[in-house]
$ cat coords.tsv   # TSV, N, CA and C atoms
chain	number	residue	atom	x	y	z
D	1	MET	N	-25.86	-24.98	1.72
D	1	MET	CA	-24.67	-24.18	1.49
D	1	MET	C	-25.09	-22.79	1.07
D	2	TYR	N	-24.43	-21.81	1.62
D	2	TYR	CA	-24.74	-20.42	1.32
D	2	TYR	C	-24.20	-20.04	-0.05
D	3	GLN	N	-24.98	-19.38	-0.84
D	3	GLN	CA	-24.57	-18.95	-2.17
D	3	GLN	C	-24.54	-17.42	-2.22
D	4	GLY	N	-23.35	-16.84	-2.22
D	4	GLY	CA	-23.21	-15.39	-2.23
D	4	GLY	C	-23.88	-14.72	-3.41
D	5	ILE	N	-23.76	-15.28	-4.59
D	5	ILE	CA	-24.37	-14.69	-5.79
D	5	ILE	C	-25.89	-14.73	-5.68
D	6	GLU	N	-26.41	-15.83	-5.19
D	6	GLU	CA	-27.86	-15.95	-5.07
D	6	GLU	C	-28.45	-14.96	-4.06
D	7	SER	N	-27.64	-14.50	-3.12
D	7	SER	CA	-28.15	-13.56	-2.13
D	7	SER	C	-28.41	-12.18	-2.73
D	8	GLY	N	-27.74	-11.89	-3.84
D	8	GLY	CA	-27.91	-10.59	-4.47
D	8	GLY	C	-27.18	-9.47	-3.75
D	9	LYS	N	-26.27	-9.78	-2.88
D	9	LYS	CA	-25.53	-8.77	-2.14
D	9	LYS	C	-24.15	-8.58	-2.76
D	10	ASP	N	-23.70	-7.31	-2.77
D	10	ASP	CA	-22.37	-7.09	-3.30
D	10	ASP	C	-21.33	-7.39	-2.21
D	11	ILE	N	-20.07	-7.29	-2.58
D	11	ILE	CA	-18.98	-7.70	-1.71
D	11	ILE	C	-18.91	-6.89	-0.42
D	12	TRP	N	-19.41	-5.66	-0.44
D	12	TRP	CA	-19.32	-4.79	0.74
D	12	TRP	C	-20.50	-4.96	1.70
D	13	CYS	N	-21.48	-5.75	1.35
D	13	CYS	CA	-22.66	-5.97	2.20
D	13	CYS	C	-22.81	-7.45	2.49
D	14	ARG	N	-21.78	-8.09	3.04
D	14	ARG	CA	-21.78	-9.53	3.16
D	14	ARG	C	-21.61	-9.99	4.60
D	15	HIS	N	-22.08	-9.26	5.56
D	15	HIS	CA	-21.81	-9.62	6.95
D	15	HIS	C	-22.44	-10.94	7.37
D	16	ASP	N	-23.41	-11.43	6.62
D	16	ASP	CA	-24.02	-12.71	7.00
D	16	ASP	C	-23.48	-13.88	6.19
D	17	ILE	N	-22.48	-13.64	5.36
D	17	ILE	CA	-21.85	-14.72	4.60
D	17	ILE	C	-20.84	-15.41	5.53
D	18	PRO	N	-20.87	-16.72	5.65
D	18	PRO	CA	-20.03	-17.42	6.63
D	18	PRO	C	-18.55	-17.58	6.23
D	19	PHE	N	-18.13	-16.94	5.17
D	19	PHE	CA	-16.73	-17.01	4.77
D	19	PHE	C	-16.34	-15.67	4.18
D	20	ASP	N	-15.06	-15.43	4.07
D	20	ASP	CA	-14.58	-14.14	3.56
D	20	ASP	C	-13.50	-14.41	2.53
D	21	ASN	N	-13.83	-14.24	1.27
D	21	ASN	CA	-12.83	-14.50	0.23
D	21	ASN	C	-12.14	-13.22	-0.22
D	22	THR	N	-12.26	-12.16	0.57
D	22	THR	CA	-11.55	-10.93	0.26
D	22	THR	C	-10.47	-10.65	1.30
D	23	ALA	N	-10.07	-11.66	2.02
D	23	ALA	CA	-9.21	-11.47	3.17
D	23	ALA	C	-7.75	-11.78	2.90
D	24	SER	N	-7.26	-11.54	1.70
D	24	SER	CA	-5.84	-11.77	1.45
D	24	SER	C	-5.27	-10.62	0.64
D	25	VAL	N	-4.01	-10.36	0.89
D	25	VAL	CA	-3.26	-9.37	0.13
D	25	VAL	C	-2.08	-10.12	-0.46
D	26	CYS	N	-1.96	-10.06	-1.76
D	26	CYS	CA	-0.92	-10.81	-2.46
D	26	CYS	C	0.16	-9.85	-2.95
D	27	THR	N	1.38	-10.16	-2.60
D	27	THR	CA	2.49	-9.34	-3.06
D	27	THR	C	2.97	-9.83	-4.42
D	28	ILE	N	3.20	-8.91	-5.28
D	28	ILE	CA	3.76	-9.21	-6.59
D	28	ILE	C	4.97	-8.30	-6.77
D	29	GLY	N	6.11	-8.87	-7.05
D	29	GLY	CA	7.29	-8.06	-7.28
D	29	GLY	C	8.18	-7.84	-6.07
D	30	MET	N	7.93	-8.57	-4.99
D	30	MET	CA	8.75	-8.38	-3.79
D	30	MET	C	10.21	-8.72	-4.05
D	31	VAL	N	10.48	-9.71	-4.89
D	31	VAL	CA	11.87	-10.04	-5.22
D	31	VAL	C	12.53	-8.87	-5.93
D	32	ASN	N	11.79	-8.18	-6.79
D	32	ASN	CA	12.34	-7.00	-7.47
D	32	ASN	C	12.69	-5.91	-6.46
D	33	VAL	N	11.84	-5.74	-5.46
D	33	VAL	CA	12.11	-4.77	-4.40
D	33	VAL	C	13.40	-5.15	-3.67
D	34	GLY	N	13.50	-6.42	-3.30
D	34	GLY	CA	14.70	-6.89	-2.61
D	34	GLY	C	15.95	-6.74	-3.46
D	35	ASP	N	15.85	-7.07	-4.75
D	35	ASP	CA	17.00	-6.88	-5.65
D	35	ASP	C	17.41	-5.42	-5.72
D	36	SER	N	16.43	-4.54	-5.75
D	36	SER	CA	16.73	-3.10	-5.80
D	36	SER	C	17.43	-2.65	-4.52
D	37	PHE	N	16.90	-3.09	-3.37
D	37	PHE	CA	17.56	-2.74	-2.10
D	37	PHE	C	18.97	-3.29	-2.05
D	38	ALA	N	19.16	-4.50	-2.55
D	38	ALA	CA	20.50	-5.10	-2.54
D	38	ALA	C	21.46	-4.31	-3.41
D	39	ALA	N	21.00	-3.85	-4.57
D	39	ALA	CA	21.85	-3.05	-5.45
D	39	ALA	C	22.21	-1.73	-4.77
D	40	ILE	N	21.25	-1.11	-4.12
D	40	ILE	CA	21.52	0.16	-3.42
D	40	ILE	C	22.50	-0.09	-2.28
D	41	LYS	N	22.29	-1.17	-1.53
D	41	LYS	CA	23.21	-1.50	-0.43
D	41	LYS	C	24.63	-1.68	-0.96
D	42	LYS	N	24.77	-2.46	-2.01
D	42	LYS	CA	26.10	-2.77	-2.56
D	42	LYS	C	26.78	-1.52	-3.10
D	43	LEU	N	26.08	-0.80	-3.98
D	43	LEU	CA	26.73	0.28	-4.73
D	43	LEU	C	26.78	1.61	-3.99
D	44	CYS	N	25.82	1.86	-3.12
D	44	CYS	CA	25.80	3.15	-2.42
D	44	CYS	C	26.37	3.08	-1.00
D	45	PHE	N	26.13	1.97	-0.32
D	45	PHE	CA	26.56	1.89	1.07
D	45	PHE	C	27.84	1.09	1.27
D	46	ASP	N	27.92	-0.09	0.67
D	46	ASP	CA	29.10	-0.93	0.88
D	46	ASP	C	30.30	-0.43	0.08
D	47	GLU	N	30.13	-0.29	-1.22
D	47	GLU	CA	31.24	0.13	-2.09
D	47	GLU	C	31.39	1.64	-2.18
D	48	LYS	N	30.33	2.36	-1.84
D	48	LYS	CA	30.30	3.83	-1.94
D	48	LYS	C	30.69	4.31	-3.34
D	49	LYS	N	30.28	3.55	-4.33
D	49	LYS	CA	30.57	3.89	-5.72
D	49	LYS	C	29.68	5.06	-6.16
D	50	TYR	N	28.45	5.10	-5.64
D	50	TYR	CA	27.51	6.18	-5.96
D	50	TYR	C	26.88	6.69	-4.68
D	51	THR	N	26.52	7.95	-4.69
D	51	THR	CA	25.80	8.51	-3.55
D	51	THR	C	24.29	8.34	-3.79
D	52	LEU	N	23.54	8.47	-2.74
D	52	LEU	CA	22.08	8.42	-2.90
D	52	LEU	C	21.59	9.59	-3.75
D	53	GLN	N	22.26	10.72	-3.68
D	53	GLN	CA	21.89	11.86	-4.53
D	53	GLN	C	22.12	11.53	-6.00
D	54	GLU	N	23.24	10.88	-6.30
D	54	GLU	CA	23.49	10.47	-7.68
D	54	GLU	C	22.45	9.48	-8.17
D	55	LEU	N	22.08	8.54	-7.30
D	55	LEU	CA	21.03	7.58	-7.67
D	55	LEU	C	19.71	8.30	-7.90
D	56	TYR	N	19.37	9.21	-7.02
D	56	TYR	CA	18.14	9.99	-7.18
D	56	TYR	C	18.15	10.74	-8.52
D	57	ASP	N	19.25	11.40	-8.82
D	57	ASP	CA	19.36	12.15	-10.07
D	57	ASP	C	19.22	11.24	-11.29
D	58	ALA	N	19.84	10.07	-11.24
D	58	ALA	CA	19.75	9.11	-12.35
D	58	ALA	C	18.32	8.63	-12.53
D	59	LEU	N	17.65	8.34	-11.43
D	59	LEU	CA	16.25	7.88	-11.52
D	59	LEU	C	15.34	8.99	-12.03
D	60	GLU	N	15.56	10.21	-11.58
D	60	GLU	CA	14.76	11.35	-12.06
D	60	GLU	C	14.95	11.55	-13.56
D	61	ALA	N	16.16	11.24	-14.06
D	61	ALA	CA	16.46	11.37	-15.48
D	61	ALA	C	16.10	10.11	-16.26
D	62	ASP	N	15.49	9.14	-15.58
D	62	ASP	CA	15.16	7.86	-16.19
D	62	ASP	C	16.41	7.23	-16.82
D	63	TRP	N	17.51	7.38	-16.12
D	63	TRP	CA	18.82	6.84	-16.48
D	63	TRP	C	19.45	7.50	-17.71
D	64	VAL	N	18.79	8.46	-18.34
D	64	VAL	CA	19.36	9.14	-19.51
D	64	VAL	C	20.61	9.89	-19.06
D	65	GLY	N	21.74	9.56	-19.69
D	65	GLY	CA	23.02	10.17	-19.35
D	65	GLY	C	23.75	9.44	-18.23
D	66	TYR	N	23.19	8.36	-17.75
D	66	TYR	CA	23.79	7.58	-16.66
D	66	TYR	C	23.95	6.12	-17.08
D	67	ASN	N	24.45	5.91	-18.28
D	67	ASN	CA	24.52	4.56	-18.83
D	67	ASN	C	25.36	3.60	-18.00
D	68	GLN	N	26.55	4.01	-17.59
D	68	GLN	CA	27.42	3.11	-16.81
D	68	GLN	C	26.79	2.83	-15.45
D	69	MET	N	26.23	3.85	-14.84
D	69	MET	CA	25.58	3.67	-13.55
D	69	MET	C	24.41	2.69	-13.66
D	70	ARG	N	23.62	2.84	-14.70
D	70	ARG	CA	22.49	1.94	-14.94
D	70	ARG	C	22.98	0.51	-15.11
D	71	LYS	N	24.04	0.35	-15.88
D	71	LYS	CA	24.61	-0.99	-16.08
D	71	LYS	C	25.08	-1.58	-14.76
D	72	ASP	N	25.73	-0.77	-13.93
D	72	ASP	CA	26.19	-1.26	-12.63
D	72	ASP	C	25.01	-1.73	-11.76
D	73	PHE	N	23.94	-0.97	-11.77
D	73	PHE	CA	22.77	-1.37	-10.98
D	73	PHE	C	22.11	-2.61	-11.55
D	74	LEU	N	22.04	-2.71	-12.86
D	74	LEU	CA	21.47	-3.92	-13.47
D	74	LEU	C	22.33	-5.15	-13.21
D	75	ASP	N	23.64	-4.96	-13.14
D	75	ASP	CA	24.57	-6.07	-12.94
D	75	ASP	C	24.75	-6.45	-11.47
D	76	ALA	N	24.13	-5.72	-10.57
D	76	ALA	CA	24.27	-6.01	-9.14
D	76	ALA	C	23.71	-7.41	-8.84
D	77	PRO	N	24.18	-8.04	-7.78
D	77	PRO	CA	23.72	-9.39	-7.43
D	77	PRO	C	22.20	-9.46	-7.26
D	78	LYS	N	21.64	-10.60	-7.61
D	78	LYS	CA	20.19	-10.81	-7.59
D	78	LYS	C	19.82	-11.98	-6.69
D	79	PHE	N	18.58	-11.97	-6.25
D	79	PHE	CA	18.01	-13.04	-5.44
D	79	PHE	C	18.03	-14.37	-6.21
D	80	GLY	N	18.23	-15.44	-5.49
D	80	GLY	CA	18.15	-16.78	-6.08
D	80	GLY	C	19.45	-17.28	-6.66
D	81	ASN	N	20.53	-16.55	-6.45
D	81	ASN	CA	21.83	-16.97	-6.97
D	81	ASN	C	22.78	-17.39	-5.86
D	82	ASN	N	22.20	-17.80	-4.73
D	82	ASN	CA	22.98	-18.26	-3.58
D	82	ASN	C	23.95	-17.20	-3.08
D	83	ILE	N	23.46	-15.96	-3.03
D	83	ILE	CA	24.22	-14.85	-2.49
D	83	ILE	C	23.52	-14.45	-1.19
D	84	PRO	N	24.06	-14.84	-0.06
D	84	PRO	CA	23.34	-14.70	1.21
D	84	PRO	C	22.79	-13.31	1.50
D	85	TYR	N	23.57	-12.25	1.27
D	85	TYR	CA	23.07	-10.94	1.68
D	85	TYR	C	21.87	-10.50	0.83
D	86	VAL	N	21.83	-10.90	-0.43
D	86	VAL	CA	20.67	-10.57	-1.27
D	86	VAL	C	19.46	-11.38	-0.81
D	87	ASP	N	19.67	-12.68	-0.59
D	87	ASP	CA	18.57	-13.54	-0.14
D	87	ASP	C	18.03	-13.06	1.20
D	88	GLU	N	18.90	-12.58	2.09
D	88	GLU	CA	18.47	-12.08	3.39
D	88	GLU	C	17.64	-10.80	3.25
D	89	ILE	N	18.00	-9.93	2.32
D	89	ILE	CA	17.23	-8.71	2.09
D	89	ILE	C	15.83	-9.05	1.59
D	90	VAL	N	15.74	-9.96	0.64
D	90	VAL	CA	14.43	-10.37	0.12
D	90	VAL	C	13.61	-11.02	1.24
D	91	ALA	N	14.25	-11.85	2.04
D	91	ALA	CA	13.54	-12.49	3.16
D	91	ALA	C	13.02	-11.45	4.14
D	92	ARG	N	13.81	-10.41	4.41
D	92	ARG	CA	13.36	-9.34	5.32
D	92	ARG	C	12.18	-8.58	4.73
D	93	CYS	N	12.18	-8.37	3.42
D	93	CYS	CA	11.05	-7.69	2.76
D	93	CYS	C	9.77	-8.50	2.96
D	94	TYR	N	9.86	-9.81	2.70
D	94	TYR	CA	8.69	-10.67	2.89
D	94	TYR	C	8.26	-10.72	4.36
D	95	LYS	N	9.22	-10.73	5.26
D	95	LYS	CA	8.90	-10.77	6.69
D	95	LYS	C	8.14	-9.51	7.10
D	96	MET	N	8.60	-8.35	6.65
D	96	MET	CA	7.90	-7.11	6.98
D	96	MET	C	6.48	-7.14	6.42
D	97	PHE	N	6.33	-7.64	5.22
D	97	PHE	CA	5.02	-7.75	4.58
D	97	PHE	C	4.11	-8.68	5.38
D	98	THR	N	4.63	-9.85	5.73
D	98	THR	CA	3.79	-10.83	6.43
D	98	THR	C	3.51	-10.41	7.87
D	99	ASP	N	4.34	-9.57	8.45
D	99	ASP	CA	4.05	-9.02	9.78
D	99	ASP	C	2.98	-7.94	9.71
D	100	PHE	N	2.99	-7.14	8.65
D	100	PHE	CA	2.07	-6.01	8.54
D	100	PHE	C	0.67	-6.41	8.10
D	101	VAL	N	0.55	-7.25	7.09
D	101	VAL	CA	-0.76	-7.56	6.49
D	101	VAL	C	-1.79	-8.05	7.51
D	102	PRO	N	-1.43	-8.93	8.45
D	102	PRO	CA	-2.44	-9.38	9.41
D	102	PRO	C	-2.98	-8.26	10.31
D	103	THR	N	-2.33	-7.12	10.34
D	103	THR	CA	-2.85	-6.00	11.14
D	103	THR	C	-4.00	-5.29	10.44
D	104	LEU	N	-4.25	-5.63	9.17
D	104	LEU	CA	-5.33	-5.04	8.40
D	104	LEU	C	-6.60	-5.86	8.60
D	105	GLY	N	-7.65	-5.23	9.03
D	105	GLY	CA	-8.90	-5.94	9.18
D	105	GLY	C	-9.59	-6.14	7.84
D	106	THR	N	-10.53	-7.07	7.81
D	106	THR	CA	-11.33	-7.28	6.61
D	106	THR	C	-12.67	-6.59	6.79
D	107	ILE	N	-13.45	-6.55	5.74
D	107	ILE	CA	-14.75	-5.89	5.82
D	107	ILE	C	-15.71	-6.62	6.74
D	108	THR	N	-15.41	-7.87	7.05
D	108	THR	CA	-16.28	-8.63	7.93
D	108	THR	C	-15.69	-8.77	9.33
D	109	GLY	N	-14.61	-8.02	9.60
D	109	GLY	CA	-14.00	-8.05	10.92
D	109	GLY	C	-12.98	-9.16	11.12
D	110	GLY	N	-12.62	-9.84	10.05
D	110	GLY	CA	-11.63	-10.92	10.16
D	110	GLY	C	-10.21	-10.39	10.04
D	111	THR	N	-9.29	-11.31	9.86
D	111	THR	CA	-7.88	-10.98	9.72
D	111	THR	C	-7.45	-11.19	8.28
D	112	THR	N	-6.74	-10.23	7.75
D	112	THR	CA	-6.23	-10.34	6.39
D	112	THR	C	-5.02	-11.26	6.38
D	113	VAL	N	-4.93	-12.10	5.37
D	113	VAL	CA	-3.88	-13.10	5.27
D	113	VAL	C	-2.93	-12.70	4.13
D	114	PRO	N	-1.62	-12.68	4.40
D	114	PRO	CA	-0.67	-12.38	3.32
D	114	PRO	C	-0.44	-13.59	2.44
D	115	CYS	N	-0.21	-13.35	1.17
D	115	CYS	CA	0.18	-14.42	0.27
D	115	CYS	C	1.21	-13.84	-0.70
D	116	GLY	N	1.89	-14.66	-1.44
D	116	GLY	CA	2.93	-14.18	-2.33
D	116	GLY	C	2.97	-14.94	-3.63
D	117	MET	N	3.62	-14.32	-4.58
D	117	MET	CA	3.78	-14.94	-5.89
D	117	MET	C	5.24	-14.89	-6.25
$ encode --input "coords.tsv" --output "structure tokens"
Amino acid sequence: MYQGIESGKDIWCRHDIPFDNTASVCTIGMVNVGDSFAAIKKLCFDEKKYTLQELYDALEADWVGYNQMRKDFLDAPKFGNNIPYVDEIVARCYKMFTDFVPTLGTITGGTTVPCGM
């Protein structure tokens, strides 16, 4: 059995190692991204309660002076509560991620594998 540590080679000089343990990209926080998109969809596009410029201004101000708006965004529907449009947005985020990651090569010429948490 090949022992990578015993070879004395670092991770970037491993072309003769018969496996590649650097071939995955793990997403962390994708549900938060989907929840954010869902809140923007609901409040800016569907209900037209806020404009994208107002959202931009609130974010630039770190919500200071935008208390009600911040509350509305925090109270927007979230993933995992059996709300189809939110679940669909999160699913689309993961789909885009899993479609893109395999296009990234590894240092050994392999295919990068997506994973999630």
$ closest_residue --input "coords.tsv" --among "D:Cys93, D:Leu52, D:Val113, D:Ile107" --to "Gly34 in chain D" --atoms "all atoms listed in the file"
D:Cys93
$ closest_residue --input "coords.tsv" --among "D:Lys95, D:Gly109, D:Phe73, D:Val101" --to "Ser36 in chain D" --atoms "only C-alpha atoms"
D:Phe73
$ closest_residue --input "coords.tsv" --among "D:Thr112, D:Met69, D:Ala23, D:Ala76" --to "Tyr56 in chain D" --atoms "only C-alpha atoms"
D:Met69
$ select_by_dssp --input "coords.tsv" --residues "chain D" --states "alpha helix (DSSP H)" --output "VMD selection string"
chain D and resid 4 to 7 30 to 40 52 to 60 67 to 74 84 to 100
$ residues_around --input "coords.tsv" --residues "Trp63 in chain D" --least-positions-apart "6" --cutoff "12 Å" --atoms "only C-alpha atoms" --output "PyMOL selection string"
chain D and resi 54-57+69-74
$ axis_aligned_box --input "coords.tsv" --around "range 46-50 of chain D" --padding-each-side "5 Å" --output "JSON"
{"center_x": 29.1, "center_y": 2.9, "center_z": -2.6, "size_x": 14.5, "size_y": 17.6, "size_z": 17.0}
$ select_by_dssp --input "coords.tsv" --residues "chain D" --states "strand (DSSP E)" --output "VMD selection string"
chain D and resid 24 to 27 113 to 116
$ closest_residue --input "coords.tsv" --among "D:Thr103, D:Thr98, D:Tyr85, D:Ala91" --to "Asp46 in chain D" --atoms "only C-alpha atoms"
D:Tyr85
$ atom_distance --input "coords.tsv" --atom1 "CA of Asn32 in chain D" --atom2 "CA of Ile89 in chain D"
10.9 Å
$ atom_distance --input "coords.tsv" --atom1 "CA of Asp87 in chain D" --atom2 "atom C of Lys48 in chain D"
21.8 Å
$ residues_near_point --input "coords.tsv" --point "(18.5, -5.4, 3.6)" --cutoff "6.5 Å" --atoms "only N, CA and C atoms" --output "list of chain:residue names"
D:Phe37, D:Ala38, D:Glu88, D:Ile89, D:Val90
$ atom_distance --input "coords.tsv" --atom1 "atom N of Ala39 in chain D" --atom2 "CA of Pro114 in chain D"
24.6 Å
$ closest_residue --input "coords.tsv" --among "D:Asp62, D:Gln53, D:Lys42, D:Phe100" --to "Asp75 in chain D" --atoms "only C-alpha atoms"
D:Lys42
